[in-house]
Amino acid sequence: ILYRTTDGELKENLGRSEQLRTVDDIPPPGYHFRPMKEYIVWSPRGDKADRTLSLISSRGCPFQCEFCSIPEKGQAWRPFTPERVLDELKMAIEKWGVNHIEFEDDNFTLRESRALTVLKYLADLRKKGQPMSCSFPNGVMIDRMSRELAFLMKDAGADIVYLPVEAGDTHVLMSMNKPNAEGHLESTRKVAKWCVEAGLTVSCFFIVAYPGGRIVRKELMDLPEYEDFYIRQPDGSVWMRGEDAQAFETTLNFCRELKSLGVQGITPLIATPYPGTELYVVCEKFGWLVFPDEKNVLTTVSYANVRPDYVQIETPWCSRKEAFERWKTMFQMFHTYHNVRKFEEDVSFEHPLQGQEVRERIAKRGIKIEV
C-alpha cells in the first residue's frame, strides 16, 4: 500500500495483508450495485447464447506449481460452504433467469464432498425441468477427480471438462513441481476414461516448451533415471531442465494415447513466466528470459493467436523458434477446445465449439486471427 500521511509524507508498506481463513465471513456479492441483466448476457468467455453467471465457490489452491500465479499471491484454498454457494445459485436463477454457471474456482474439486453437494443441486434442478448447465473453464484437478464426480458433472449439465495435464513426460512434470508428478500420467489415464464414460467432452491443457524448475521434494532429488536432467548448484539446491525434443515427442505420444481413450481435444499453451512466479525466478536465475516483462504488462499467449515474438523463454534445449514450432505442431495435430464459447446462432449446437469453429465465427465478425 502506498499512501500519504497527514503531514504530506509518502509511505510505502511492502507487507501483505492477512487473508481471511473463513471466507464465509465475507458478505455476499453486492449484485444490487451492478446492472446484472447486462452482465449475464455475455460471459467472460464470450458465451452469448446462455444467461451466464460467473461464480467463485472457493478461493485459491494449496499446491505450488511453479508456473502458477496462485502461490505468489499466497492464496491458500478457502472454500465457501455448500449452503452459501447454493443460496447464490438460487438467487441468480430466480432473479435473473440464469441457466449457465461458470465456476471460476482454481480448484473446484479439492474437497469431493463439497463439490458433490453443489453438483447434485444443479443435477436435481435439471431433473425437475430447469434448463441449467455448468462449466469449469480453469480445469479440474486430475488427482482430486473421482468417477462419481465425472458422472455428476454430466448430470449437472457440464458438456466439457478440461484436464490440466501440462506434460506427457514425467521429468518435465517434476520440473514444474506438479503434485504427484510421478503418478500424474496414470491418474490422467484413469480420469480421462471416467469422463469419456460419463459422456463428457474431454479436452486437455498442455504447456509446451517448459524450461525447467527447482526440485523441492527431497525424494525426487537423486533418482538415477533422471540424473541426466538434474542441474545441481554449489549451494546444494537441485534444479531440473525441462522439455527437450525427446520430451516433446514423449508428450505427443501421450496425447495420441489420450485420443485413443476418447479424449477429443488437446489445447497447447507456450510456457509463459508471469512475474512473481517461481517460473519467472528460475528463468531469471539461469538467464533464460529473452526479454523481461516490460512495465509489468502481461502478454497472454492465447491458444488461438500465437506469434513467435510472444515467446519469452529460450533455453539450451529449446529455442524460441523451436517452442513456437512445437506449439504449432500440437495445435495442428489435434482438435482444440478452450472454454465454452457460444454465439447466438450456435444455440442448437449440442457440443462445445472446437478451436477452428470458434475462429471461423470470429472471422465472420471481421476480426483477424493469426495462426
# chains A, B, ... in the order shown; residues from 1 in each chain; ligands from 1
>>> select_by_dssp(residues="segment 86-180 of chain A", states="strand (DSSP E)", output="ChimeraX atom specification")
/A:100-103,133-135,160-166
>>> write_last_selection(atoms="C-alpha atoms", output="PDB file, in the first residue's frame")
ATOM      1  CA  HIS A 100     -25.410 -21.437 -17.059  1.00  0.00           C
ATOM      2  CA  ILE A 101     -22.877 -21.265 -14.216  1.00  0.00           C
ATOM      3  CA  GLU A 102     -19.180 -20.680 -14.946  1.00  0.00           C
ATOM      4  CA  PHE A 103     -17.303 -21.837 -11.867  1.00  0.00           C
ATOM      5  CA  SER A 133     -25.699 -26.121 -17.421  1.00  0.00           C
ATOM      6  CA  CYS A 134     -22.293 -25.503 -15.875  1.00  0.00           C
ATOM      7  CA  SER A 135     -18.650 -25.273 -16.903  1.00  0.00           C
ATOM      8  CA  ILE A 160     -16.979 -30.359 -21.441  1.00  0.00           C
ATOM      9  CA  VAL A 161     -14.295 -30.907 -18.818  1.00  0.00           C
ATOM     10  CA  TYR A 162     -10.737 -29.572 -19.019  1.00  0.00           C
ATOM     11  CA  LEU A 163      -7.907 -31.670 -17.601  1.00  0.00           C
ATOM     12  CA  PRO A 164      -4.674 -29.741 -16.846  1.00  0.00           C
ATOM     13  CA  VAL A 165      -2.226 -32.467 -17.860  1.00  0.00           C
ATOM     14  CA  GLU A 166       0.568 -29.939 -18.660  1.00  0.00           C
TER      15      GLU A 166
END
>>> select_by_dssp(residues="segment 3-207 of chain A", states="alpha helix (DSSP H)", output="PyMOL selection string")
chain A and resi 36-39+70-73+82-96+112-127+147-155+170-176+184-198
>>> atom_distance(atom1="atom CA of Pro292 of chain A", atom2="atom CA of Ala271 of chain A")
14.3 Å
>>> residues_around(residues="Lys90 of chain A", least_positions_apart="6", cutoff="10 Å", atoms="only C-alpha atoms", output="PyMOL selection string")
chain A and resi 97-98+121-122
>>> write_last_selection(atoms="N, CA, C and O atoms", output="PDB file, in the first residue's frame")
ATOM      1  N   GLY A  97     -32.959 -15.360 -14.141  1.00  0.00           N
ATOM      2  CA  GLY A  97     -33.171 -16.440 -15.097  1.00  0.00           C
ATOM      3  C   GLY A  97     -31.891 -17.062 -15.617  1.00  0.00           C
ATOM      4  O   GLY A  97     -31.835 -17.534 -16.763  1.00  0.00           O
ATOM      5  N   VAL A  98     -30.850 -17.076 -14.772  1.00  0.00           N
ATOM      6  CA  VAL A  98     -29.568 -17.650 -15.182  1.00  0.00           C
ATOM      7  C   VAL A  98     -29.742 -19.136 -15.498  1.00  0.00           C
ATOM      8  O   VAL A  98     -30.435 -19.862 -14.779  1.00  0.00           O
ATOM      9  N   TYR A 121     -27.118 -30.339  -6.562  1.00  0.00           N
ATOM     10  CA  TYR A 121     -28.154 -29.308  -6.591  1.00  0.00           C
ATOM     11  C   TYR A 121     -28.509 -28.958  -8.042  1.00  0.00           C
ATOM     12  O   TYR A 121     -29.693 -28.885  -8.409  1.00  0.00           O
ATOM     13  N   LEU A 122     -27.493 -28.769  -8.871  1.00  0.00           N
ATOM     14  CA  LEU A 122     -27.740 -28.442 -10.278  1.00  0.00           C
ATOM     15  C   LEU A 122     -28.378 -29.620 -11.010  1.00  0.00           C
ATOM     16  O   LEU A 122     -29.287 -29.439 -11.839  1.00  0.00           O
TER      17      LEU A 122
END
>>> residues_around(residues="Asp155 of chain A", least_positions_apart="3", cutoff="9 Å", atoms="only C-alpha atoms", output="number ranges by chain")
A: 119-120, 122-124, 126-127, 150-152, 158, 198
>>> atom_distance(atom1="atom CA of Thr109 of chain A", atom2="atom CA of Phe331 of chain A")
27.9 Å
>>> residues_around(residues="Leu55 of chain A", least_positions_apart="3", cutoff="10 Å", atoms="only C-alpha atoms", output="JSON, numbers by chain")
{"A": [52, 58, 85, 88, 89, 101, 102, 103, 104, 105]}
>>> write_last_selection(atoms="C-alpha atoms", output="PDB file, in the first residue's frame")
ATOM      1  CA  THR A  52     -24.345 -16.947 -17.566  1.00  0.00           C
ATOM      2  CA  SER A  58     -13.761 -21.423  -3.433  1.00  0.00           C
ATOM      3  CA  VAL A  85     -22.961 -21.385  -2.781  1.00  0.00           C
ATOM      4  CA  GLU A  88     -26.195 -17.647  -4.511  1.00  0.00           C
ATOM      5  CA  LEU A  89     -27.177 -20.062  -7.272  1.00  0.00           C
ATOM      6  CA  ILE A 101     -22.877 -21.265 -14.216  1.00  0.00           C
ATOM      7  CA  GLU A 102     -19.180 -20.680 -14.946  1.00  0.00           C
ATOM      8  CA  PHE A 103     -17.303 -21.837 -11.867  1.00  0.00           C
ATOM      9  CA  GLU A 104     -14.165 -19.688 -11.711  1.00  0.00           C
ATOM     10  CA  ASP A 105     -12.545 -21.749  -8.939  1.00  0.00           C
TER      11      ASP A 105
END
>>> closest_residue(among="A:Gly129, A:Gly168, A:Gly15, A:Pro308", to="Arg320 of chain A", atoms="only C-alpha atoms")
A:Pro308
